[in-house]
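Chemist: Structure provided below as structure tokens; questions to follow.
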Amino acid sequence: MPSTTYTSSWRDSDTTALGELADKFFARELTPHRDKFEQQHYVDRDVWTKAGELGLLCCSIPEEYGGGGGTFAHDLAVVEAQARALDTGFGNTVHSGIVAHYILAYGTEEQRRRWLPGMATGQTVTAVAMTEPGAGSDLKNIKTTALRDGDHYVINGAKTFISNGSQADLIVVVAKTDPAAGAKGVSLIVVETADCPGFTRGRILDKVGQHGADTSELSFEDVRVPVANVLGGEEGRGFGQLMTQLAQERLLIGVTAVATMEAAVAETVSYTKSRSAFGQTIFDFQNTKFVLAECDTVAHAARVFIDSCIERHMSGNLDTTTAAMAKWWLTEQQCQVIDRCVQLFGGYGYMREYPIARMYADARVQKIYGGSNEIMKDLIARSL
């Protein structure tokens, strides 16, 4: 941020160095190829393996499982660097921040040793398949089933809006192993997609924004998966596993929102100081200065809030209510700040060749995924 000397308490020399390494990586491997990735709707596969070689994947997974051996702060350093690069295509947040931690937290020892090392190198790309055509934030209402048949589960169902879906080698599928048991009948089944009869990847979806992100439809028709692939080795625990990990997912969304807000303000200050109208720079107009002062204040307040949440999360004290507050409020501010910044760019703010225009389109879905903001407010209201 240009206006303060505030430094997040979770940063240290190690996370700062990692963030700088990630900055250089994204500037080299993502930014120059953005148009190509957006046209094909996914990043090239070698981006994953190159990131793995540099230690940018699974940073907080223990070294014994092939990870970086760091903390959640190391994951955040990479996530923030990607946000600073204004990239939304590379699906590492889901891969390292969510799927890896499902496996670490709930997987058996055999499952951890089997799946995590390949994730850390980028040889294995992962996804989590929650959302269905008829079930989004209401995970209890999913229709996908995984019914026991001897030593296998037979999976049937459809999933949509799946990040990394077209490239994933390993997918954590949310399914009903006991359709009559409600939330207690939900399990997480890990599907290895290679040589998997009945598993079909549908189209990569054409979204309003985040064009470089692989977001796909998936279909499961009598897909047979070994019983050994139920996460944690015991069925019926999936809903609780999801609820526990969703707080971290919402923090990752919040961190992205804050870093993007900061980038939007910086972009707009630079633009308004370089462009003139009516004999002065756009920045010199009182309205411009006031709008940017307000946006900068919001971004700073958002930074302090997310840092407080991160500190609590890393010490094991972040409650689900506060995580929901962070998710809805930070993404709401992200959209509002970027919208106000677009206005200061005038017509150029609506041109995709300007980063602020892409930020505008990319931001909107932040209020929807990870649990819609309306659901977040309902969760908060239950605690009042």
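In the structure tokens, chains take the letters A, B, ... in the order shown, each chain's residues start at 1, and ligands count up from 1 in the order shown.
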Per residue of region 230-267 of chain A within 7 Å of region 160-183 of chain A, note the shortest atom pair and the distance in Å to one decimal, counting only C-alpha atoms, and order the rows by chain and increasing residue number, as JSON lines.
Modeler:
{"residue": "A:Glu235", "atom": "CA", "partner": "A:Thr177", "partner_atom": "CA", "distance": 6.9}
{"residue": "A:Gly236", "atom": "CA", "partner": "A:Thr177", "partner_atom": "CA", "distance": 6.9}
{"residue": "A:Phe239", "atom": "CA", "partner": "A:Ala183", "partner_atom": "CA", "distance": 5.9}
Chemist: Please write the residues from the selection above to a file, keeping N, CA and C atoms, as a short mmCIF file (atom, residue, chain, number, x, y, z; two decimals), in the first residue's frame.
Modeler:
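Result written to out-v9.cif:
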data_model
loop_
_atom_site.label_atom_id
_atom_site.label_comp_id
_atom_site.auth_asym_id
_atom_site.auth_seq_id
_atom_site.Cartn_x
_atom_site.Cartn_y
_atom_site.Cartn_z
N GLU A 235 -16.43 -43.82 6.02
CA GLU A 235 -17.47 -43.05 5.35
C GLU A 235 -18.36 -42.32 6.36
N GLY A 236 -19.11 -41.34 5.85
CA GLY A 236 -20.05 -40.61 6.69
C GLY A 236 -19.47 -39.42 7.43
N PHE A 239 -19.24 -34.36 5.66
CA PHE A 239 -19.83 -33.05 5.91
C PHE A 239 -19.04 -32.30 6.99
#
Chemist: Can you tell me which residues surround Asp362 (chain A) at a distance of at most 12 Å, considering only C-alpha atoms, apart from same-chain residues fewer than 2 positions away, and format the answer as an MDAnalysis selection string?
Modeler: chainID A and resid 38 83 86:89 207:213 256:257 260 331 334:335 338:339 352 355:360 364:368
Chemist: Using only C-alpha atoms, find each residue of region 189-279 of chain A with at least one atom at most 10 Å away from an atom of region 128-136 of chain A; report its shortest atom-to-atom pair and that distance in Å (one decimal), sort the rows by chain and rising residue number, and return the result as CSV.
Modeler:
residue,atom,partner,partner_atom,distance
A:Ile189,CA,A:Ala129,CA,9.8
A:Val190,CA,A:Val128,CA,9.0
A:Val191,CA,A:Val128,CA,10.0
A:Glu217,CA,A:Glu132,CA,9.0
A:Leu218,CA,A:Ala129,CA,8.3
A:Leu242,CA,A:Met130,CA,9.5
Chemist: Just the strand (DSSP E) stuff from region 74-172 of chain A, please, per backbone DSSP, written as a PyMOL selection string.
Modeler: chain A and resi 126-129+145-149+152-163+170-172
Chemist: Nearest to Ala266 (chain A) among A:Arg84, A:Thr215, A:Phe72, A:Gly254, with distances taken over only C-alpha atoms: which residue is it?
Modeler: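 Distance minimum relative to Ala266 (chain A) lands on A:Arg84.
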Chemist: Rank A:His313, A:Arg203, A:His300, A:Arg275 by their smallest atom-to-atom distance to Trp10 (chain A), using only C-alpha atoms, and report the top residue only.
Modeler: A:His313
Chemist: Taking 4 positions as the minimum chain separation for residues in the same chain, which residues sit within 7 Å of Arg250 (chain A) when counting only C-alpha atoms? Answer as a PyMOL selection string.
Modeler: chain A and resi 246+254+323+327+370
Chemist: Selected residues, all heavy atoms, written as a JSON list (two decimals), in the first residue's frame, please.
Modeler:
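Generated file (part-v3.json):
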[["chain", "number", "residue", "atom", "x", "y", "z"],
["A", 246, "LEU", "N", -13.72, -25.34, 5.48],
["A", 246, "LEU", "CA", -14.25, -24.18, 4.78],
["A", 246, "LEU", "C", -13.77, -22.86, 5.36],
["A", 246, "LEU", "O", -13.66, -21.86, 4.65],
["A", 246, "LEU", "CB", -15.79, -24.22, 4.77],
["A", 246, "LEU", "CG", -16.41, -25.11, 3.68],
["A", 246, "LEU", "CD1", -17.91, -25.21, 3.88],
["A", 246, "LEU", "CD2", -16.09, -24.58, 2.29],
["A", 254, "GLY", "N", -10.62, -14.30, 1.16],
["A", 254, "GLY", "CA", -10.47, -12.98, 1.75],
["A", 254, "GLY", "C", -9.11, -12.37, 1.49],
["A", 254, "GLY", "O", -9.01, -11.16, 1.21],
["A", 323, "ALA", "N", -14.86, -16.22, 10.27],
["A", 323, "ALA", "CA", -14.43, -16.57, 8.91],
["A", 323, "ALA", "C", -15.52, -16.18, 7.90],
["A", 323, "ALA", "O", -15.22, -15.69, 6.81],
["A", 323, "ALA", "CB", -14.13, -18.06, 8.81],
["A", 327, "LYS", "N", -15.21, -13.46, 4.82],
["A", 327, "LYS", "CA", -15.49, -13.81, 3.43],
["A", 327, "LYS", "C", -16.47, -12.84, 2.79],
["A", 327, "LYS", "O", -16.22, -12.31, 1.70],
["A", 327, "LYS", "CB", -16.02, -15.25, 3.37],
["A", 327, "LYS", "CG", -16.02, -15.85, 1.95],
["A", 327, "LYS", "CD", -17.25, -15.49, 1.16],
["A", 327, "LYS", "CE", -17.15, -15.98, -0.27],
["A", 327, "LYS", "NZ", -18.31, -15.62, -1.09],
["A", 370, "GLY", "N", -17.23, -20.34, -2.60],
["A", 370, "GLY", "CA", -16.80, -20.49, -1.21],
["A", 370, "GLY", "C", -17.94, -20.31, -0.22],
["A", 370, "GLY", "O", -17.71, -20.10, 0.98]]
Chemist: List the spatial neighbours of region 7-9 of chain A as JSON, numbers by chain - criterion: any atom at most 10 Å away, only C-alpha atoms, same-chain residues fewer than 3 positions off excluded.
Modeler: {"A": [1, 4, 12, 303, 304, 306, 307, 308, 310, 311]}
Chemist: Filtering to N, CA and C atoms, could you give me those residues as a PDB file, in the first residue's frame?
Modeler:
ATOM      1  N   MET A   1       0.851  -1.205   0.000  1.00  0.00           N
ATOM      2  CA  MET A   1       0.000   0.000   0.000  1.00  0.00           C
ATOM      3  C   MET A   1       0.881   1.247   0.000  1.00  0.00           C
ATOM      4  N   THR A   4       0.727   3.660   3.881  1.00  0.00           N
ATOM      5  CA  THR A   4       1.038   3.273   5.250  1.00  0.00           C
ATOM      6  C   THR A   4       2.315   2.451   5.301  1.00  0.00           C
ATOM      7  N   ASP A  12       7.354 -12.737   7.876  1.00  0.00           N
ATOM      8  CA  ASP A  12       8.725 -12.676   8.381  1.00  0.00           C
ATOM      9  C   ASP A  12       9.645 -12.711   7.171  1.00  0.00           C
ATOM     10  N   ARG A 303      -7.188  -5.025   5.252  1.00  0.00           N
ATOM     11  CA  ARG A 303      -5.906  -5.695   5.533  1.00  0.00           C
ATOM     12  C   ARG A 303      -5.775  -6.003   7.021  1.00  0.00           C
ATOM     13  N   VAL A 304      -6.088  -5.069   7.860  1.00  0.00           N
ATOM     14  CA  VAL A 304      -5.975  -5.301   9.303  1.00  0.00           C
ATOM     15  C   VAL A 304      -6.937  -6.402   9.748  1.00  0.00           C
ATOM     16  N   ILE A 306      -8.190  -8.952   7.857  1.00  0.00           N
ATOM     17  CA  ILE A 306      -7.769 -10.279   7.395  1.00  0.00           C
ATOM     18  C   ILE A 306      -6.547 -10.747   8.174  1.00  0.00           C
ATOM     19  N   ASP A 307      -5.662  -9.834   8.528  1.00  0.00           N
ATOM     20  CA  ASP A 307      -4.493 -10.234   9.310  1.00  0.00           C
ATOM     21  C   ASP A 307      -4.896 -10.752  10.685  1.00  0.00           C
ATOM     22  N   SER A 308      -5.884 -10.117  11.291  1.00  0.00           N
ATOM     23  CA  SER A 308      -6.390 -10.598  12.575  1.00  0.00           C
ATOM     24  C   SER A 308      -6.949 -12.014  12.432  1.00  0.00           C
ATOM     25  N   ILE A 310      -6.107 -14.219  10.147  1.00  0.00           N
ATOM     26  CA  ILE A 310      -4.990 -15.129   9.881  1.00  0.00           C
ATOM     27  C   ILE A 310      -4.286 -15.500  11.181  1.00  0.00           C
ATOM     28  N   GLU A 311      -4.037 -14.510  12.009  1.00  0.00           N
ATOM     29  CA  GLU A 311      -3.382 -14.775  13.296  1.00  0.00           C
ATOM     30  C   GLU A 311      -4.198 -15.768  14.122  1.00  0.00           C
TER      31      GLU A 311
END
Chemist: Between A:Gln336, A:Ser274, A:Gln343, A:Gln241, which one has atoms that come closest to Met261 (chain A), using only C-alpha atoms?
Modeler: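 Ranked by minimum distance to Met261 (chain A), first place goes to A:Gln336.
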Chemist: Of the residues A:Thr200, A:Ser372, A:Thr268, A:Asn229, which is the one nearest to Arg114 (chain A), using only C-alpha atoms?
Modeler: A:Asn229
Chemist: With only C-alpha atoms as the atoms that count, which of A:Leu344, A:Ile142, A:Ala194, A:Cys59 lies nearest to Pro117 (chain A)?
Modeler: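 Under the stated criterion, the closest residue is A:Cys59.
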Chemist: From the set A:Ala127, A:His41, A:Tyr350, A:Leu18, which residue has the shortest atom-to-atom contact distance to Gly68 (chain A), counting only C-alpha atoms?
Modeler: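 Of all the options, A:Leu18 lies closest to Gly68 (chain A).
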Chemist: Using backbone DSSP assignments, extract all helix (DSSP H, G or I) residues from region 156-299 of chain A; output them as an MDAnalysis selection string.
Modeler: chainID A and resid 179:185 227:229 231:233 238:274 282:284 286:299
Chemist: Those same residues, written as a CSV table (one decimal), in the first residue's frame with C-alpha atoms?
Modeler:
chain,number,residue,atom,x,y,z
A,179,PRO,CA,-28.6,-41.1,0.9
A,180,ALA,CA,-31.1,-41.6,3.7
A,181,ALA,CA,-28.8,-40.2,6.5
A,182,GLY,CA,-28.7,-36.5,5.6
A,183,ALA,CA,-25.4,-34.8,6.5
A,184,LYS,CA,-24.2,-37.9,8.2
A,185,GLY,CA,-24.4,-39.8,4.9
A,227,VAL,CA,-13.0,-48.4,-0.8
A,228,ALA,CA,-9.5,-47.4,0.2
A,229,ASN,CA,-10.1,-44.1,-1.5
A,231,LEU,CA,-10.8,-39.9,2.7
A,232,GLY,CA,-9.8,-40.9,6.2
A,233,GLY,CA,-10.8,-44.5,5.7
A,238,GLY,CA,-17.5,-35.8,4.8
A,239,PHE,CA,-19.8,-33.0,5.9
A,240,GLY,CA,-17.9,-32.4,9.1
A,241,GLN,CA,-14.6,-32.5,7.2
A,242,LEU,CA,-16.0,-29.9,4.7
A,243,MET,CA,-17.3,-27.6,7.4
A,244,THR,CA,-13.9,-27.6,9.3
A,245,GLN,CA,-11.9,-26.8,6.2
A,246,LEU,CA,-14.3,-24.2,4.8
A,247,ALA,CA,-13.0,-21.6,7.2
A,248,GLN,CA,-9.5,-21.8,5.7
A,249,GLU,CA,-11.0,-21.7,2.2
A,250,ARG,CA,-12.8,-18.5,3.1
A,251,LEU,CA,-9.7,-16.9,4.5
A,252,LEU,CA,-7.9,-17.7,1.2
A,253,ILE,CA,-10.7,-15.9,-0.7
A,254,GLY,CA,-10.5,-13.0,1.8
A,255,VAL,CA,-6.7,-12.7,1.3
A,256,THR,CA,-7.2,-12.6,-2.4
A,257,ALA,CA,-9.8,-9.8,-2.0
A,258,VAL,CA,-7.5,-7.7,0.1
A,259,ALA,CA,-4.5,-8.0,-2.1
A,260,THR,CA,-6.5,-7.3,-5.2
A,261,MET,CA,-8.0,-4.2,-3.5
A,262,GLU,CA,-4.5,-2.9,-2.7
A,263,ALA,CA,-3.5,-3.5,-6.3
A,264,ALA,CA,-6.5,-1.7,-7.7
A,265,VAL,CA,-5.8,1.4,-5.6
A,266,ALA,CA,-2.2,1.4,-6.7
A,267,GLU,CA,-3.1,1.0,-10.4
A,268,THR,CA,-5.6,3.8,-10.1
A,269,VAL,CA,-3.3,6.2,-8.3
A,270,SER,CA,-0.7,5.7,-11.0
A,271,TYR,CA,-3.2,6.1,-13.8
A,272,THR,CA,-4.8,9.3,-12.4
A,273,LYS,CA,-1.5,10.9,-11.8
A,274,SER,CA,-0.3,10.2,-15.4
A,282,ILE,CA,-7.1,13.6,-13.0
A,283,PHE,CA,-5.6,12.9,-9.6
A,284,ASP,CA,-5.7,16.7,-8.8
A,286,GLN,CA,-10.9,16.9,-5.4
A,287,ASN,CA,-13.4,14.1,-6.3
A,288,THR,CA,-10.5,11.8,-7.4
A,289,LYS,CA,-8.5,12.4,-4.3
A,290,PHE,CA,-11.5,11.8,-2.0
A,291,VAL,CA,-12.5,8.6,-3.8
A,292,LEU,CA,-9.0,7.2,-3.6
A,293,ALA,CA,-8.7,8.3,0.0
A,294,GLU,CA,-11.8,6.4,0.8
A,295,CYS,CA,-10.7,3.3,-1.2
A,296,ASP,CA,-7.3,3.3,0.4
A,297,THR,CA,-8.9,3.5,3.8
A,298,VAL,CA,-11.2,0.6,3.1
A,299,ALA,CA,-8.3,-1.5,1.7
